[in-house]
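> Mind looking over this structure? Questions follow.
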Amino acid sequence: MLRITNLRVSIDSTRSLAELAAKKLRIPVEAVTETVISRRALDARRKNNITFVYSLEVKTRLPEGQVLSRLRGDKDVALLQEEAKTPLVPGQEVLTARPVVVGLGPAGMLAALTLAEYGYRPLVLERGQDVETRTRDVAHFWQTGQFNGLSNVQFGEGGAGTFSDGKLTTRVQDPYMREVLDIFVEAGADPEIRYLHKPHIGTDKLRQMVKRIRQRIIALGGEVEFGACVTDLVIKDGCLEGLVVNETRLIPCSVALFGIGHSARDTYHMLYGKGVAMEAKPFAIGVRIEHPQSLIDQAQYGPMAGHPALGAADYALVYHHKAIGRTAYSFCMCPGGLVVAAASEESGVVTNGMSHYSRASGIANSALVVNVNPEDCGGEVLSGIAFQRHYEQLAFQCGGANYQAPVQTVGHFLTGMAPAAYLTAPSYRPGVRDAELRKCLPDFVTATLAQALPDFDRKIRGFAQPGAVMTGVETRTSAPVRLKRDENYLSASVVGLYPIGEGAGYAGGIMSAALDGLHAAAAVIRKYTSR
Ligand code: FAD
C-alpha cells in the first residue's frame with residue numbers, strides 16, 4: 001500500500017478520491033483499486049483559497065516499486081509503514097476476585113471493555129444512572145432548576161463526556177488511538193472520526209454510543225451497576241482488599257481501577273483520608289463566552305463562510321499577561337453548540353459546553369479560562385477543591401440562588417458602562433441573571449481576561465463586541481488533584497489501586513482519558529491471569 005500525504009484539494013473539488021490519487025501517482029484511474037482517507041485537515045489560512053489537506057492510503061494494480069520509481073523525489077508519496085504493536089500477554093499472578101472498575105466515563109469504559117475482551121469479567125461500579133435515566137434527570141434540571149446530586153452532567157453512564165461536544169482532539173500521540181476510534185465507530189460514532197484532524201462525535205451520538213459500549217462489556221461477561229458509589233476502601237498492609245459501596249456493601253477485590261473523573265470531590269476526600277498518595281495540581285477557571293456562529297465562521301473562513309463543505313468554524317486563543325504572569329486561553333470550544341449547566345454539587349453553578357453532531361445551533365461557545373496554581377488555593381492537597389467550590393457558590397448566589405447563572409456582556413465587563421443588548425440570547429438553562437462576573441471570580445482571573453479580550457478581538461474580529469455574552473463560572477476544566485502512580489499505572493501507595501483518567505490527573509478530555517483507561521487495563525492484564 002502507498003501513502004500519499006499533503007494532498008491539497010479545493011473545497012469545491014468534485015473529483016473522486018481515486019481520481020485524486022491517480023493524478024498524484026501519475027497512473028490511470030483504473031489502476032487505483034482502493035483509497036482510504038487516513039487524515040483530513042482543513043487549511044483556512046488563506047481565506048480566498050481554503051483547502052482540505054488529505055493523507056490517503058492507496059492500493060494500485062501496478063507494482064508499488066514501479067509507481068514510486070516514477071515519482072522519485074516526491075516526498076509526499078511513500079510505502080505505507082504499518083506500526084507494529086506489542087502483543088498483550090496476560091500475566092501469572094492470580095486475582096483473589098474479579099477486577100473492579102470504578103466510574104463509567106471514557107477511562108472506565110475503555111478499561112472495562114479491554115478487561116472484558118481479555119476474559120477478566122470486570123465489575124463496573126458507577127455512582128450515577130444509566131444514560132436514559134440520566135438524560136431525563138439532566139433535562140429536568142435544565143428545565144426546572146431542580147438539581148439532582150446523584151445523577152447529573154458529571155455523574156452517570158458515559159461520565160462527564162456524555163453531554164458534551166464529543167471533541168476527540170488530543171495532544172497525546174498514541175498508537176492505540178486508532179483502536180479507540182474503531183470502538184467508538186462500532187458503537188455508533190460517524191466513521192469520519194477515524195480520519196478528521198479535529199473529530200467530534202456530538203452529544204446525540206454519544207448517548208447511543210455509551211449504552212452500546214456498556215452492552216458490549218456485559219456481553220463479554222462484565223457486570224455494570226448503576227447507583228453504586230464507592231464510599232470506602234479496605235486496605236491491609238498497603239494492599240487493597242475491598243471496596244465499600246454506598247456505605248453499606250463490601251465488595252472484596254484486590255484490583256480496582258479508579259476512573260472517578262475530576263468532580264468526585266467526596267471520593268477525593270475519602271481517598272485522601274485512606275492515605276492514598278496524591279498531590280495538588282494546577283487547573284484553570286473562568287467563564288463561557290458566546291457569539292453568533294456566523295461571526296466565528298466569517299473570521300475563520302472569510303468570503304467562504306457558509307460554504308456547505310465547511311462545518312461550523314472553531315478557534316483556539318491564547319494570551320499571556322506578562323505583568324500578572326497568567327495565561328488566558330479558550331478551552332473546550334463548541335461550534336454550533338450550547339452552554340450547559342454542569343454542576344455536580346448543590347448550591348453551585350458550573351458552566352460547560354455541548355453540541356449535537358450537526359453543530360447547527362447557530363451559537364459558538366467556548367470557555368475562556370485563566371490558569372490557577374496550587375499556591376493560589378492555599379497549597380494544601382485538597383484546597384483546589386475548596387477553591388473551585390467557593391467560586392461556584394458565589395456564582396450560584398450571583399445568579400439568584402436557583403441554579404440560574406450570572407451573565408455579563410463583554411462591554412459591561414470591560415468598561416462598566418450600561419450593558420449592551422445581547423449579541424445572542426444566552427443559551428444556558430435553566431436561565432441566567434445579569435450580574436457582575438468580577439463578584440464570582442478571583443481578581444487575577446478577571447484582570448487577565450480583561451487584558452485578553454481585546455487581544456482576542458484582534459485575532460477574531462468582533463470577539464470582544466460589547467454584546468458578546470459571558471456566563472459564569474467555568475471551574476471544571478481539569479482535576480485539581482493528581483493521584484500519584486508509577487509507570488505501571490499503580491498507585492504510589494496502595495497495591496491493587498490503579499488511578500486512571502482525568503480524575504487521576506493524567507488525562508484531559510475524552511480521548512486521552514479513554515487511552516489512559518485502556519493502557520491501565522493492559523497493565524493489569526500483563527500482571528494478572530484471568531483464570
Ligand atoms: P469522567 O468522564 O468524569 O467519569 C467519571 C465517572 O466516575 C463518572 O461517571 C462518575 O459518576 C463516576 N464516579 C465518580 N466517583 C465515583 C465513585 N466514588 N463511585 C462510583 N462511580 C464514581 N472532553 C473532550 O475531550 N471533548 C469535549 O468536547 C468535551 N466536552 C465536555 C463537555 C462537558 C459538558 C463536560 C462536563 C466535559 C467535557 N469534556 C470534553 C471533558 C471530558 O468529558 C472528560 O475529560 C472525560 O469525560 C474524562 O473522562 P474520565 O473517564 O476520566 O472521567
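Identifiers in the C-alpha cells: chain A, B, ... in order shown; residue index from 1 per chain; ligand index from 1 in order shown.
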For range 327-424 of chain A against range 178-202 of chain A, with a cut-off of 10 Å and counting only C-alpha atoms, what is the closest atom pair and its distance in Å to one decimal for every residue that makes the cut, ordered by chain and number, as JSON lines?


{"residue": "A:Cys334", "atom": "CA", "partner": "A:His200", "partner_atom": "CA", "distance": 9.8}
{"residue": "A:Gly337", "atom": "CA", "partner": "A:Gly202", "partner_atom": "CA", "distance": 9.4}
{"residue": "A:Met354", "atom": "CA", "partner": "A:Gly202", "partner_atom": "CA", "distance": 7.6}
{"residue": "A:Ser355", "atom": "CA", "partner": "A:Gly202", "partner_atom": "CA", "distance": 5.6}
{"residue": "A:His356", "atom": "CA", "partner": "A:Gly202", "partner_atom": "CA", "distance": 4.3}
{"residue": "A:Tyr357", "atom": "CA", "partner": "A:Gly202", "partner_atom": "CA", "distance": 3.9}
{"residue": "A:Ser358", "atom": "CA", "partner": "A:Gly202", "partner_atom": "CA", "distance": 7.5}
{"residue": "A:Arg359", "atom": "CA", "partner": "A:Gly202", "partner_atom": "CA", "distance": 7.8}

> Return as an MDAnalysis selection string the residues of protein, DNA or RNA that approach ligand 1 to within 6 Å, with only C-alpha atoms and all ligand atoms taken into account.

chainID A and resid 102:108 125:128 153:161 163:168 228:231 259:262 264 267 332 342 352:354 501:503 508:511 513

> To test your reading of the structure, identify every residue in range 258-494 of chain A that backbone DSSP assigns to strand (DSSP E or B), and report it as a PyMOL selection string.

chain A and resi 258+278-280+283-292+318-321+326-334+338-341+351-354+363-372+405-409+432-434+469-474+481-483+485+491

> Counting only C-alpha atoms, what is within 7 Å of Gln143 in chain A, bar same-chain residues fewer than 2 positions away, as a ChimeraX atom specification?

/A:139-141,145,429-430

> Could you work out how far CA of Ile217 in chain A lies from CA of Ala116 in chain A, giving the answer in Å with one decimal?

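Separation of CA of Ala116 in chain A and CA of Ile217 in chain A: 5.9 Å.
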
> Please indicate the distance in Å from CA of Thr529 in chain A to CA of Ser512 in chain A, rounded to one decimal place.

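One can read the CA of Thr529 in chain A to CA of Ser512 in chain A distance as 26.4 Å.
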
> Can you pull out the residues contacting Lys281 in chain A? Cut-off 10 Å, using only C-alpha atoms, and skip same-chain residues under 6 positions away; I want them as an MDAnalysis selection string.

chainID A and resid 372:375 379 381:382 384 478:483 505

> Please identify all polymer residues within 9 Å of Gly221 in chain A, counting only C-alpha atoms, omitting same-chain residues fewer than 3 positions from it, and present them as a list in words.

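That gives Ala116, Glu117, Gly119, Tyr120, Arg121, Pro122, Arg216, Ile217 and Ile218 of chain A.
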
> Could you write those residues out with N, CA and C atoms, as a PDB file, in the first residue's frame?


ATOM      1  N   ALA A 116     -12.717  -6.874  29.746  1.00  0.00           N
ATOM      2  CA  ALA A 116     -13.754  -7.830  29.346  1.00  0.00           C
ATOM      3  C   ALA A 116     -13.308  -8.589  28.100  1.00  0.00           C
ATOM      4  N   GLU A 117     -12.680  -7.894  27.175  1.00  0.00           N
ATOM      5  CA  GLU A 117     -12.249  -8.565  25.940  1.00  0.00           C
ATOM      6  C   GLU A 117     -11.185  -9.628  26.201  1.00  0.00           C
ATOM      7  N   GLY A 119     -11.213 -11.483  28.876  1.00  0.00           N
ATOM      8  CA  GLY A 119     -11.809 -12.523  29.725  1.00  0.00           C
ATOM      9  C   GLY A 119     -11.742 -12.269  31.216  1.00  0.00           C
ATOM     10  N   TYR A 120     -11.524 -11.008  31.637  1.00  0.00           N
ATOM     11  CA  TYR A 120     -11.388 -10.729  33.079  1.00  0.00           C
ATOM     12  C   TYR A 120     -12.725 -10.423  33.766  1.00  0.00           C
ATOM     13  N   ARG A 121     -13.814 -10.397  33.052  1.00  0.00           N
ATOM     14  CA  ARG A 121     -15.185 -10.190  33.563  1.00  0.00           C
ATOM     15  C   ARG A 121     -15.238  -9.070  34.640  1.00  0.00           C
ATOM     16  N   PRO A 122     -14.881  -7.851  34.290  1.00  0.00           N
ATOM     17  CA  PRO A 122     -14.825  -6.795  35.318  1.00  0.00           C
ATOM     18  C   PRO A 122     -16.195  -6.448  35.891  1.00  0.00           C
ATOM     19  N   ARG A 216     -21.776  -4.113  25.360  1.00  0.00           N
ATOM     20  CA  ARG A 216     -20.669  -4.981  24.914  1.00  0.00           C
ATOM     21  C   ARG A 216     -19.874  -5.503  26.121  1.00  0.00           C
ATOM     22  N   ILE A 217     -19.646  -4.657  27.081  1.00  0.00           N
ATOM     23  CA  ILE A 217     -18.930  -5.097  28.294  1.00  0.00           C
ATOM     24  C   ILE A 217     -19.710  -6.249  28.950  1.00  0.00           C
ATOM     25  N   ILE A 218     -21.025  -6.091  29.005  1.00  0.00           N
ATOM     26  CA  ILE A 218     -21.857  -7.118  29.647  1.00  0.00           C
ATOM     27  C   ILE A 218     -21.862  -8.403  28.800  1.00  0.00           C
TER      28      ILE A 218
END

> In Å, how far is it from CA of Val349 in chain A to CA of Tyr315 in chain A?

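We find that CA of Val349 in chain A and CA of Tyr315 in chain A lie 25.3 Å from each other.
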